[in-house]
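So this one's data_36.txt, compact mmCIF, C-alpha atoms and all ligand atoms:
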```
# COMPACT_ATOMS: atom_id res chain seq x y z
CA MET K 213 14.65 19.93 21.43
CA SER K 214 11.85 18.07 23.14
CA LYS K 215 12.50 14.93 25.11
CA ILE K 216 10.49 11.72 25.10
CA GLN K 217 9.17 11.49 28.65
CA ASN K 218 7.00 8.42 28.53
CA ILE K 219 5.85 5.71 26.15
CA GLU K 220 2.92 3.41 26.64
CA ALA K 221 1.38 0.81 24.39
CA MET K 222 -1.93 -1.01 24.21
CA GLN K 223 -3.43 -3.94 22.44
CA ILE K 224 -6.33 -2.65 20.30
CA LEU K 225 -8.27 -4.11 17.35
CA ASP K 226 -7.75 -3.62 13.63
CA SER K 227 -10.41 -3.60 10.90
CA ARG K 228 -10.52 -7.41 10.82
CA GLY K 229 -11.08 -7.49 14.55
CA LEU K 230 -7.58 -8.79 15.13
CA PRO K 231 -5.25 -7.39 17.77
CA THR K 232 -2.78 -4.69 16.84
CA VAL K 233 -0.57 -2.19 18.62
CA GLU K 234 -1.31 1.40 19.60
CA VAL K 235 1.51 3.54 21.00
CA ILE K 236 0.99 6.62 23.14
CA LEU K 237 4.00 8.89 23.52
CA GLU K 238 4.48 11.85 25.83
CA THR K 239 6.88 14.76 25.87
CA ASP K 240 6.71 17.70 28.26
CA LYS K 241 4.39 19.55 25.97
CA THR K 242 2.51 17.01 23.94
CA LYS K 243 0.93 13.61 23.73
CA SER K 244 0.78 11.72 20.43
CA ASN K 245 -0.29 8.29 19.29
CA ALA K 246 0.04 5.87 16.39
CA LYS K 247 -1.81 2.71 15.44
CA VAL K 248 -0.17 -0.05 13.44
CA PRO K 249 -1.73 -1.84 10.43
CA SER K 250 -1.34 -5.50 9.50
CA GLY K 251 -1.26 -7.43 6.20
CA ALA K 252 -2.80 -10.75 5.12
CA SER K 253 -1.00 -11.39 1.84
CA THR K 254 2.35 -10.65 3.41
CA GLY K 255 5.66 -10.94 1.58
CA GLU K 256 8.03 -13.55 2.96
CA ARG K 257 10.84 -11.00 3.35
CA GLU K 258 8.78 -8.44 5.31
CA ALA K 259 9.83 -7.27 8.75
CA LEU K 260 8.05 -9.46 11.27
CA GLU K 261 5.08 -8.32 13.30
CA LEU K 262 5.34 -10.00 16.66
CA ARG K 263 2.33 -12.17 17.63
CA ASP K 264 1.92 -13.95 20.96
CA ASN K 265 1.07 -17.38 19.51
CA ASP K 266 -0.97 -18.06 22.64
CA LEU K 267 -3.75 -20.13 21.10
CA ASP K 268 -5.95 -19.50 24.11
CA LYS K 269 -6.28 -15.84 23.22
CA PHE K 270 -7.34 -14.39 19.87
CA ASN K 271 -6.30 -17.71 18.27
CA GLY K 272 -2.67 -16.85 18.88
CA LYS K 273 -2.93 -13.41 17.25
CA GLY K 274 -2.46 -11.34 20.41
CA VAL K 275 0.24 -8.66 20.41
CA LEU K 276 0.94 -8.38 24.13
CA LYS K 277 4.61 -9.26 23.65
CA ALA K 278 4.99 -6.37 21.22
CA VAL K 279 3.17 -4.11 23.70
CA GLU K 280 5.56 -5.29 26.41
CA ASN K 281 8.58 -4.60 24.18
CA VAL K 282 7.41 -1.01 23.66
CA GLN K 283 7.00 -0.48 27.38
CA THR K 284 10.32 -2.04 28.41
CA ALA K 285 13.19 -2.39 25.90
CA ILE K 286 12.08 0.41 23.58
CA LYS K 287 11.08 2.78 26.35
CA ASN K 288 14.44 2.25 28.06
CA ALA K 289 16.34 2.82 24.85
CA VAL K 290 14.64 5.99 23.63
CA SER K 291 13.44 7.79 26.76
CA GLY K 292 15.05 11.20 26.97
CA MET K 293 15.73 11.33 23.22
CA ASP K 294 14.63 14.30 21.15
CA VAL K 295 11.44 13.82 19.11
CA PHE K 296 13.01 16.02 16.42
CA ASP K 297 15.76 13.42 16.02
CA GLN K 298 13.67 10.93 14.03
CA LYS K 299 16.73 9.23 12.56
CA GLY K 300 18.41 8.90 15.93
CA VAL K 301 15.30 7.33 17.47
CA ASP K 302 14.80 5.02 14.49
CA ASN K 303 18.43 3.93 14.60
CA LYS K 304 17.98 3.04 18.27
CA LEU K 305 14.91 0.96 17.32
CA ILE K 306 16.83 -0.76 14.53
CA GLY K 307 19.66 -1.43 17.00
CA LEU K 308 17.27 -3.34 19.26
CA ASP K 309 16.76 -5.92 16.53
CA THR K 310 18.94 -8.86 17.39
CA SER K 311 17.16 -11.38 15.16
CA PRO K 312 19.54 -13.34 12.92
CA GLN K 313 17.53 -12.42 9.79
CA LYS K 314 17.55 -8.73 10.75
CA ASN K 315 13.79 -8.62 10.26
CA LYS K 316 12.86 -7.18 13.67
CA GLY K 317 11.58 -10.65 14.49
CA ASP K 318 12.33 -10.45 18.21
CA ILE K 319 11.41 -6.85 18.99
CA GLY K 320 8.51 -6.79 16.48
CA SER K 321 8.02 -4.37 13.58
CA ASN K 322 4.59 -3.63 15.07
CA ALA K 323 6.37 -2.35 18.19
CA THR K 324 9.03 -0.32 16.35
CA LEU K 325 6.65 1.23 13.82
CA GLY K 326 4.19 2.40 16.46
CA VAL K 327 6.97 4.25 18.30
CA SER K 328 8.57 5.60 15.14
CA LEU K 329 5.28 7.13 13.92
CA ALA K 330 4.29 8.45 17.35
CA VAL K 331 7.64 10.30 17.45
CA ALA K 332 6.92 11.90 14.07
CA ARG K 333 3.45 12.97 15.21
CA ALA K 334 4.82 14.43 18.44
CA ALA K 335 7.39 16.47 16.52
CA ALA K 336 4.77 17.84 14.10
CA GLN K 337 2.49 18.75 17.01
CA GLU K 338 5.31 20.54 18.80
CA LYS K 339 6.25 22.48 15.69
CA GLY K 340 2.61 23.38 15.28
CA VAL K 341 2.52 22.14 11.69
CA GLU K 342 0.47 19.53 9.88
CA LEU K 343 1.99 16.06 9.74
CA PHE K 344 2.43 16.28 5.96
CA GLN K 345 4.48 19.46 6.46
CA HIS K 346 6.79 17.69 8.88
CA LEU K 347 7.45 14.22 7.48
CA ASN K 348 9.78 15.22 4.65
CA PRO K 349 12.55 17.46 6.00
CA GLU K 350 13.60 18.30 2.43
CA ASN K 351 10.19 19.67 1.48
CA PRO K 352 8.23 21.45 4.21
CA ASN K 353 5.70 22.80 1.70
CA PRO K 354 4.49 19.88 -0.37
CA CYS K 355 1.37 20.41 -2.45
CA VAL K 356 0.75 17.33 -4.64
CA LEU K 357 -2.35 15.28 -3.82
CA PRO K 358 -2.18 11.63 -4.86
CA VAL K 359 -4.29 9.76 -7.38
CA PRO K 360 -6.35 7.36 -5.27
CA LEU K 361 -6.12 3.73 -6.41
CA MET K 362 -9.49 2.56 -5.17
CA ASN K 363 -9.92 -1.16 -4.68
CA ILE K 364 -13.57 -1.64 -5.61
CA LEU K 365 -13.58 -5.37 -6.26
CA ASN K 366 -11.77 -7.77 -3.93
CA GLY K 367 -10.57 -11.32 -4.57
CA GLY K 368 -7.74 -13.60 -3.51
CA LYS K 369 -6.90 -13.79 0.16
CA HIS K 370 -8.96 -10.68 0.97
CA ALA K 371 -12.28 -12.08 -0.26
CA LYS K 372 -12.66 -15.82 -0.59
CA SER K 373 -16.32 -15.39 -1.59
CA SER K 374 -15.39 -13.94 -4.99
CA ASN K 375 -13.81 -17.24 -5.90
CA ILE K 376 -11.15 -15.57 -8.06
CA GLU K 377 -7.42 -15.48 -7.54
CA LEU K 378 -6.46 -11.90 -8.41
CA GLN K 379 -6.59 -9.90 -5.20
CA GLU K 380 -7.33 -6.28 -6.09
CA PHE K 381 -9.23 -4.61 -8.92
CA MET K 382 -8.72 -0.89 -8.45
CA ILE K 383 -9.95 2.11 -10.35
CA ALA K 384 -7.52 4.99 -10.87
CA PRO K 385 -9.46 8.23 -11.51
CA ALA K 386 -6.45 9.89 -13.10
CA GLY K 387 -8.12 12.10 -15.72
CA PHE K 388 -9.33 14.87 -13.43
CA ASP K 389 -8.12 18.28 -12.33
CA SER K 390 -8.38 17.84 -8.58
CA TYR K 391 -8.22 15.15 -5.94
CA SER K 392 -11.76 15.79 -4.75
CA GLU K 393 -13.23 15.48 -8.26
CA ALA K 394 -11.28 12.26 -8.80
CA LEU K 395 -12.46 10.89 -5.48
CA ARG K 396 -16.07 11.77 -6.30
CA ALA K 397 -15.84 9.93 -9.63
CA GLY K 398 -14.40 6.88 -7.86
CA VAL K 399 -17.20 6.94 -5.32
CA GLU K 400 -19.88 7.22 -8.01
CA ILE K 401 -18.43 4.22 -9.86
CA TYR K 402 -18.29 2.27 -6.60
CA GLN K 403 -21.97 3.07 -5.99
CA LYS K 404 -22.86 2.08 -9.55
CA LEU K 405 -21.10 -1.24 -9.08
CA LYS K 406 -23.10 -1.77 -5.91
CA GLU K 407 -26.30 -1.18 -7.86
CA ILE K 408 -25.26 -3.61 -10.63
CA LEU K 409 -24.37 -6.28 -8.09
CA LYS K 410 -27.62 -5.63 -6.24
CA GLY K 411 -25.70 -5.67 -3.00
CA ALA K 412 -22.81 -8.05 -2.51
CA ALA K 413 -20.51 -8.97 0.31
CA VAL K 414 -17.46 -6.77 0.71
CA GLY K 415 -13.90 -7.97 1.22
CA ASP K 416 -11.27 -6.84 3.71
CA GLU K 417 -10.60 -3.59 1.87
CA GLY K 418 -14.22 -2.62 1.30
CA GLY K 419 -14.39 -3.68 -2.35
CA PHE K 420 -17.25 -5.93 -3.43
CA ALA K 421 -16.76 -9.67 -3.33
CA PRO K 422 -19.46 -11.26 -5.51
CA ALA K 423 -19.12 -14.92 -6.50
CA LEU K 424 -17.50 -14.93 -9.95
CA THR K 425 -16.49 -17.69 -12.34
CA THR K 426 -13.31 -16.23 -13.76
CA ASN K 427 -10.91 -13.32 -13.13
CA GLU K 428 -11.95 -11.49 -16.30
CA ASP K 429 -15.52 -11.22 -14.89
CA ALA K 430 -14.26 -8.67 -12.38
CA LEU K 431 -12.87 -6.50 -15.16
CA GLU K 432 -16.09 -6.78 -17.16
CA LEU K 433 -18.11 -5.70 -14.14
CA ILE K 434 -15.95 -2.64 -13.61
CA LYS K 435 -16.09 -1.79 -17.30
CA LYS K 436 -19.88 -2.02 -17.13
CA ALA K 437 -20.04 0.14 -14.00
CA VAL K 438 -17.84 2.85 -15.52
CA GLY K 439 -19.91 2.66 -18.72
CA GLU K 440 -23.06 3.42 -16.75
CA THR K 441 -21.60 6.62 -15.31
CA LYS K 442 -20.72 9.81 -17.15
CA TYR K 443 -17.01 9.11 -16.91
CA LYS K 444 -14.81 8.09 -19.83
CA PHE K 445 -13.05 4.76 -19.47
CA GLY K 446 -9.48 5.07 -20.74
CA GLU K 447 -9.46 8.86 -20.52
CA GLN K 448 -10.59 9.66 -17.02
CA ILE K 449 -10.80 6.25 -15.41
CA PHE K 450 -8.19 3.49 -15.63
CA ILE K 451 -7.75 0.14 -13.94
CA ALA K 452 -4.91 -0.86 -11.63
CA LEU K 453 -4.47 -4.50 -10.63
CA ASP K 454 -2.80 -6.15 -7.69
CA PRO K 455 -2.93 -9.87 -8.47
CA ALA K 456 -0.74 -10.62 -5.39
CA ALA K 457 0.62 -13.50 -7.45
CA SER K 458 2.72 -15.05 -4.67
CA GLU K 459 -0.60 -16.24 -3.27
CA PHE K 460 -1.49 -18.37 -6.33
CA TYR K 461 2.00 -19.52 -7.28
CA ASP K 462 2.62 -23.20 -6.64
CA LYS K 463 6.29 -23.60 -5.77
CA ASP K 464 6.21 -27.36 -6.20
CA ILE K 465 5.23 -27.24 -9.84
CA GLY K 466 6.70 -23.81 -10.60
CA LYS K 467 3.40 -22.60 -12.05
CA TYR K 468 0.61 -20.17 -11.31
CA ARG K 469 -2.87 -21.55 -10.67
CA LEU K 470 -5.77 -19.27 -11.58
CA LYS K 471 -9.04 -19.08 -13.49
CA ILE K 472 -8.67 -17.79 -17.01
CA LYS K 473 -11.58 -17.91 -19.48
CA GLY K 474 -13.67 -19.66 -16.88
CA LYS K 475 -11.25 -22.54 -16.38
CA LEU K 476 -8.83 -23.22 -13.55
CA GLN K 477 -5.46 -23.38 -15.28
CA GLU K 478 -1.82 -23.96 -14.36
CA VAL K 479 0.26 -21.48 -16.29
CA THR K 480 3.94 -20.64 -16.65
CA SER K 481 5.34 -17.21 -15.98
CA LYS K 482 5.37 -16.56 -19.73
CA GLU K 483 1.73 -17.56 -20.11
CA LEU K 484 0.76 -15.38 -17.17
CA LYS K 485 2.60 -12.48 -18.80
CA GLU K 486 0.59 -13.05 -21.99
CA PHE K 487 -2.62 -13.17 -19.98
CA TYR K 488 -1.86 -9.78 -18.40
CA GLU K 489 -0.85 -8.36 -21.77
CA SER K 490 -4.17 -9.43 -23.25
CA LEU K 491 -5.98 -7.34 -20.60
CA ILE K 492 -4.03 -4.09 -20.87
CA GLU K 493 -5.71 -2.50 -23.88
CA PRO K 494 -9.33 -3.70 -23.51
CA TYR K 495 -9.52 -2.78 -19.85
CA HIS K 496 -7.31 0.34 -19.85
CA ILE K 497 -4.91 -1.11 -17.34
CA ILE K 498 -2.46 1.49 -16.17
CA SER K 499 -0.68 -0.39 -13.39
CA ILE K 500 0.00 -3.97 -12.30
CA GLU K 501 1.38 -4.74 -8.85
CA ASP K 502 2.81 -8.12 -7.83
CA GLY K 503 1.93 -9.71 -11.15
CA PHE K 504 4.46 -12.45 -10.40
CA ASP K 505 5.66 -14.44 -7.41
CA GLN K 506 8.09 -12.75 -5.00
CA ASN K 507 10.89 -15.10 -6.08
CA ASP K 508 10.14 -15.20 -9.81
CA TRP K 509 12.68 -12.49 -10.65
CA ALA K 510 12.97 -13.72 -14.24
CA GLY K 511 9.21 -13.36 -14.71
CA TRP K 512 9.30 -9.81 -13.36
CA ILE K 513 12.25 -8.82 -15.57
CA ASP K 514 10.68 -10.23 -18.75
CA PHE K 515 7.39 -8.51 -18.03
CA THR K 516 9.07 -5.16 -17.30
CA LYS K 517 11.22 -5.40 -20.42
CA ALA K 518 8.14 -5.90 -22.56
CA ASN K 519 5.68 -3.56 -20.81
CA GLY K 520 7.64 -1.19 -18.57
CA LYS K 521 7.24 1.72 -20.95
CA LYS K 522 3.54 1.18 -21.34
CA ILE K 523 2.25 0.58 -17.83
CA GLN K 524 3.34 0.95 -14.24
CA ILE K 525 4.78 -2.28 -12.78
CA ILE K 526 4.87 -2.21 -8.99
CA GLY K 527 6.87 -4.44 -6.67
CA ASP K 528 5.17 -5.04 -3.33
CA ASP K 529 6.02 -8.51 -1.96
CA LEU K 530 9.02 -8.36 -4.29
CA PHE K 531 10.64 -5.36 -2.57
CA VAL K 532 8.89 -5.24 0.84
CA THR K 533 9.89 -1.54 1.19
CA ASN K 534 13.46 -2.71 1.75
CA VAL K 535 16.49 -1.09 0.08
CA LYS K 536 18.21 -4.47 -0.17
CA TYR K 537 15.61 -5.95 -2.53
CA LEU K 538 14.86 -2.67 -4.25
CA LYS K 539 18.55 -2.35 -5.15
CA ARG K 540 18.44 -5.73 -6.85
CA GLY K 541 15.22 -4.75 -8.64
CA ILE K 542 16.80 -1.54 -9.95
CA GLU K 543 19.94 -3.33 -11.12
CA GLU K 544 17.99 -6.04 -12.88
CA GLY K 545 15.11 -3.88 -14.18
CA ALA K 546 12.48 -5.93 -12.38
CA ALA K 547 9.85 -3.16 -12.04
CA ASN K 548 9.38 0.56 -12.57
CA ALA K 549 7.57 1.33 -9.30
CA ILE K 550 7.50 0.26 -5.67
CA LEU K 551 4.70 -0.10 -3.17
CA ILE K 552 5.50 1.62 0.11
CA LYS K 553 4.18 0.07 3.32
CA LEU K 554 5.69 1.36 6.55
CA ASN K 555 5.14 -1.87 8.47
CA GLN K 556 6.98 -3.98 5.89
CA ILE K 557 10.19 -2.40 7.15
CA GLY K 558 9.23 -1.10 10.60
CA THR K 559 10.48 2.50 10.90
CA LEU K 560 9.75 5.81 9.20
CA SER K 561 13.44 6.50 8.47
CA GLU K 562 13.96 3.20 6.67
CA THR K 563 10.80 3.85 4.66
CA ILE K 564 12.13 7.26 3.62
CA GLU K 565 15.48 5.73 2.68
CA THR K 566 13.69 3.25 0.40
CA MET K 567 11.63 6.02 -1.23
CA ASP K 568 14.84 8.01 -1.81
CA MET K 569 16.48 5.10 -3.55
CA ALA K 570 13.42 4.54 -5.75
CA LYS K 571 13.18 8.20 -6.67
CA LYS K 572 16.84 8.38 -7.65
CA ALA K 573 16.31 5.39 -9.93
CA GLY K 574 13.32 7.08 -11.59
CA MET K 575 10.83 4.71 -10.03
CA LYS K 576 7.41 5.72 -8.77
CA CYS K 577 6.45 5.18 -5.13
CA VAL K 578 2.87 4.21 -4.34
CA ILE K 579 1.98 4.66 -0.68
CA SER K 580 -0.22 1.86 0.62
CA HIS K 581 -2.48 0.79 3.44
CA ARG K 582 -2.63 -2.83 4.66
CA SER K 583 -5.67 -5.08 4.45
CA GLY K 584 -5.90 -4.91 8.24
CA GLU K 585 -6.18 -1.19 9.08
CA THR K 586 -7.09 1.23 11.83
CA ALA K 587 -8.27 4.84 11.94
CA ASP K 588 -4.63 5.98 11.74
CA THR K 589 -4.22 8.28 8.72
CA THR K 590 -0.44 8.71 8.62
CA ILE K 591 -0.17 7.25 5.11
CA ALA K 592 -2.31 10.06 3.67
CA ASP K 593 0.16 12.61 5.05
CA LEU K 594 3.09 10.52 3.88
CA ALA K 595 1.81 10.48 0.29
CA VAL K 596 1.51 14.27 0.27
CA ALA K 597 4.77 14.89 2.15
CA PHE K 598 6.77 13.01 -0.47
CA GLU K 599 4.54 14.05 -3.36
CA THR K 600 4.41 10.45 -4.53
CA GLY K 601 1.37 11.16 -6.71
CA GLN K 602 -0.37 7.88 -5.85
CA ILE K 603 -1.92 6.18 -2.85
CA LYS K 604 -3.89 2.97 -2.51
CA THR K 605 -6.11 2.75 0.48
CA GLY K 606 -9.03 0.53 -0.46
CA ALA K 607 -12.60 1.12 -1.47
CA PRO K 608 -14.45 4.32 -0.57
CA ALA K 609 -16.21 2.32 2.14
CA ARG K 610 -15.53 1.25 5.75
CA SER K 611 -14.14 4.06 7.84
CA GLU K 612 -10.64 2.61 8.22
CA ARG K 613 -10.38 3.24 4.43
CA THR K 614 -12.43 6.43 4.08
CA GLU K 615 -10.52 8.06 6.96
CA LYS K 616 -7.47 8.19 4.69
CA TYR K 617 -9.48 9.60 1.76
CA ASN K 618 -11.06 12.11 4.14
CA ARG K 619 -7.70 13.17 5.51
CA LEU K 620 -6.62 13.90 1.93
CA LEU K 621 -9.75 16.04 1.51
CA HIS K 622 -8.69 17.96 4.60
CA ILE K 623 -5.17 18.40 3.24
CA GLU K 624 -6.60 19.60 -0.07
CA LYS K 625 -8.64 22.17 1.86
CA ILE K 626 -5.63 23.28 3.91
CA LEU K 627 -3.59 23.74 0.72
CA GLY K 628 -6.39 25.62 -1.01
CA GLU K 629 -5.24 27.17 -4.30
CA LYS K 630 -1.83 25.60 -3.89
CA ALA K 631 -3.15 22.02 -4.12
CA VAL K 632 -1.95 20.20 -7.23
CA TYR K 633 -3.44 17.05 -8.75
CA LYS K 634 -1.14 15.64 -11.38
CA GLY K 635 -3.48 12.92 -12.52
CA LEU K 636 -2.01 10.93 -15.38
CA ASN K 637 1.31 12.68 -15.00
CA SER K 638 1.67 10.90 -11.67
CA PHE K 639 2.18 7.73 -13.66
CA LYS K 640 5.08 9.00 -15.74
CA TYR K 641 8.48 7.65 -14.92
CA ALA K 642 11.87 9.25 -15.32
CA ALA K 643 14.99 7.31 -16.36
CA PRO K 644 15.82 4.51 -16.76
CA GLN K 645 12.40 3.10 -17.63
CA SER K 646 11.10 6.31 -19.15
CA GLY K 647 9.10 6.51 -22.32
CA ALA K 648 5.71 7.50 -23.52
CA GLN K 649 3.13 5.20 -22.05
CA ALA K 650 0.30 4.05 -24.21
CA HIS K 651 -2.36 5.68 -22.10
CA ILE K 652 -0.55 8.89 -21.42
CA LYS K 653 -0.75 11.40 -24.18
C1 LIG K 701 -1.30 -5.63 -0.78
C2 LIG K 701 -1.93 -5.32 0.54
C3 LIG K 701 -2.73 -4.07 0.64
P1 LIG K 701 -2.01 -6.98 2.51
O1 LIG K 701 -1.09 -6.79 -1.13
O2 LIG K 701 -0.92 -4.71 -1.49
O3 LIG K 701 -3.71 -3.94 -0.33
O4 LIG K 701 -2.58 -6.40 1.11
O5 LIG K 701 -2.01 -5.86 3.46
O6 LIG K 701 -2.94 -8.10 2.87
O7 LIG K 701 -0.62 -7.47 2.22
MG MG K 702 0.11 -5.93 -2.97
```
Starting from the coordinates I provided, produce the structure as structure tokens.
Amino acid sequence: MSKIQNIEAMQILDSRGLPTVEVILETDKTKSNAKVPSGASTGEREALELRDNDLDKFNGKGVLKAVENVQTAIKNAVSGMDVFDQKGVDNKLIGLDTSPQKNKGDIGSNATLGVSLAVARAAAQEKGVELFQHLNPENPNPCVLPVPLMNILNGGKHAKSSNIELQEFMIAPAGFDSYSEALRAGVEIYQKLKEILKGAAVGDEGGFAPALTTNEDALELIKKAVGETKYKFGEQIFIALDPAASEFYDKDIGKYRLKIKGKLQEVTSKELKEFYESLIEPYHIISIEDGFDQNDWAGWIDFTKANGKKIQIIGDDLFVTNVKYLKRGIEEGAANAILIKLNQIGTLSETIETMDMAKKAGMKCVISHRSGETADTTIADLAVAFETGQIKTGAPARSERTEKYNRLLHIEKILGEKAVYKGLNSFKYAAPQSGAQAHIK
């Protein structure tokens, strides 16, 4: 037992230069901290990060109210609690949410998450173990390193300069024997792309953001970059997409608006499905996240029915790391994987509960950063702790992204001979969506 003695919070900056929350927590023996990330293409059902809306400061983006909530309501509620009682602390945090939508709208998910993660860090420090050896009480000796989904070309809301609608073009170096080899391959392809583009702006997640005329251009560029390295496209290197389709769905006309074949088009869910299907084979697409709008359940279900045995189909805005929406997705067969973002739900325990539900349903969990990040590397430990086999944390550029990749290098070193890289096997699903996938021999 080790009691929480003091909790403080501060307003700091994230990778976009916007305010975010840092929590500093003290017990008798230790001092821990956690920094909270923030999204741009947020799902409408996400837990709410509290912003000050004081237009005089940071254009309304300040988080002093959330900081205040940590130092008053939360501190009062959890002081004296045991840092080894993660669930107890998280339940207290959840109990402070009095918002009618139960989305932590009044207390702030940025306030709750900072405290929840600082508690986990304090407990690991007190035990004298690495964070990845503490986070999953059912598996204190995890050894699986994740496949990094590296976002090397940015579009959509993260990079307006690219002029394309799909948000993330990621490479998945899955055909390797170790995490560090896979990472190296990803880095070399990123550097090759830089050479081809002769220097281009980068988007929020460090991927390049050149001005393009159509979404397929991004895929062609990546294909070219891989082709100019020694790596085999479709054997070692695959592509994962996050279109973030809610951002280009027009509710009023019930259609998606995006550039296909160089032309801005308005397409139905069915036409969008056919567009994605036409890309899978030529570009070795292994995974598509948020291919459809967060309320287009029928679109998701049709796509998963047709392609769920061939590729990974991830719900991000669709599920928002929330058991309520995941349950519906499992019942209706809307996806075969879920993106896991701690701040979409606001506590570590709720995140673990969601991962448990996904795992039991045979769905893959992909741990994810946000487009607004900090130097906090908790998600790297989380991916290893739960042996999810996949993580997406941006391009191998900008230290808020590379810190996570570097932390995984450290974990690989700590594990030594025991480290496992499952590569393509990390993309295999169990029941009910199981089946041989086209790319996985
Ligand atoms: C996403 C994320 C992270 P954001 O859509 O998956 O890449 O973006 O944090 O802006 O929601
Ligand atoms: Mg997404």
> So, counting all atoms listed in the file, which residue among K:Leu491, K:Ala371, K:Met293, K:Ala430 is closest to ligand LIG 701 (chain K)?
Replying inline: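 The answer is K:Ala371, which sits nearest to ligand LIG 701 (chain K).
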>> Residues near Leu262 (chain K), anyone? I mean within 7 Å using all atoms listed in the file, not counting same-chain ones fewer than 6 positions away, as number ranges by chain.
In response: K: 275, 278, 317, 320-322
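Distance check against Gly503 (chain K) using only C-alpha atoms: of K:Ser373, K:Ser458, K:Asn281, K:Asn271, the minimum falls on K:Ser458.
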Do a neighbour search on Glu459 (chain K) at 9 Å with all atoms listed in the file, toss out local chain neighbours closer than 5 positions, and write the hits as a short mmCIF file (atom, residue, chain, number, x, y, z; two decimals) with C-alpha atoms, in the frame of the given file.
```cif
data_model
loop_
_atom_site.label_atom_id
_atom_site.label_comp_id
_atom_site.auth_asym_id
_atom_site.auth_seq_id
_atom_site.Cartn_x
_atom_site.Cartn_y
_atom_site.Cartn_z
CA SER K 253 -1.00 -11.39 1.84
CA GLY K 368 -7.74 -13.60 -3.51
CA LYS K 369 -6.90 -13.79 0.16
CA GLU K 377 -7.42 -15.48 -7.54
CA LEU K 378 -6.46 -11.90 -8.41
CA GLN K 379 -6.59 -9.90 -5.20
CA ASP K 505 5.66 -14.44 -7.41
#
```
> So which residues are near ligand LIG 701 (chain K), meaning at most 9 Å away with all atoms listed in the file counted, given back as an MDAnalysis selection string?
Replying inline: chainID K and resid 249:255 363 369:370 379:380 416:417 454:456 501:502 528:529 551 553 580:585 604:606
File dump, residues just selected, C-alpha atoms, as a tab-separated table (two decimals), in the coordinates of the input:
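And here's selection.tsv as it stands now:
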```tsv
chain	number	residue	atom	x	y	z
K	249	PRO	CA	-1.73	-1.84	10.43
K	250	SER	CA	-1.34	-5.50	9.50
K	251	GLY	CA	-1.26	-7.43	6.20
K	252	ALA	CA	-2.80	-10.75	5.12
K	253	SER	CA	-1.00	-11.39	1.84
K	254	THR	CA	2.35	-10.65	3.41
K	255	GLY	CA	5.66	-10.94	1.58
K	363	ASN	CA	-9.92	-1.16	-4.68
K	369	LYS	CA	-6.90	-13.79	0.16
K	370	HIS	CA	-8.96	-10.68	0.97
K	379	GLN	CA	-6.59	-9.90	-5.20
K	380	GLU	CA	-7.33	-6.28	-6.09
K	416	ASP	CA	-11.27	-6.84	3.71
K	417	GLU	CA	-10.60	-3.59	1.87
K	454	ASP	CA	-2.80	-6.15	-7.69
K	455	PRO	CA	-2.93	-9.87	-8.47
K	456	ALA	CA	-0.74	-10.62	-5.39
K	501	GLU	CA	1.38	-4.74	-8.85
K	502	ASP	CA	2.81	-8.12	-7.83
K	528	ASP	CA	5.17	-5.04	-3.33
K	529	ASP	CA	6.02	-8.51	-1.96
K	551	LEU	CA	4.70	-0.10	-3.17
K	553	LYS	CA	4.18	0.07	3.32
K	580	SER	CA	-0.22	1.86	0.62
K	581	HIS	CA	-2.48	0.79	3.44
K	582	ARG	CA	-2.63	-2.83	4.66
K	583	SER	CA	-5.67	-5.08	4.45
K	584	GLY	CA	-5.90	-4.91	8.24
K	585	GLU	CA	-6.18	-1.19	9.08
K	604	LYS	CA	-3.89	2.97	-2.51
K	605	THR	CA	-6.11	2.75	0.48
K	606	GLY	CA	-9.03	0.53	-0.46
```
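Of the residues under consideration (K:Gly367, K:Gly300, K:Gly274, K:Pro231), K:Gly367 shows the shortest atom-to-atom contact distance to Ala457 (chain K) when counting all atoms listed in the file.
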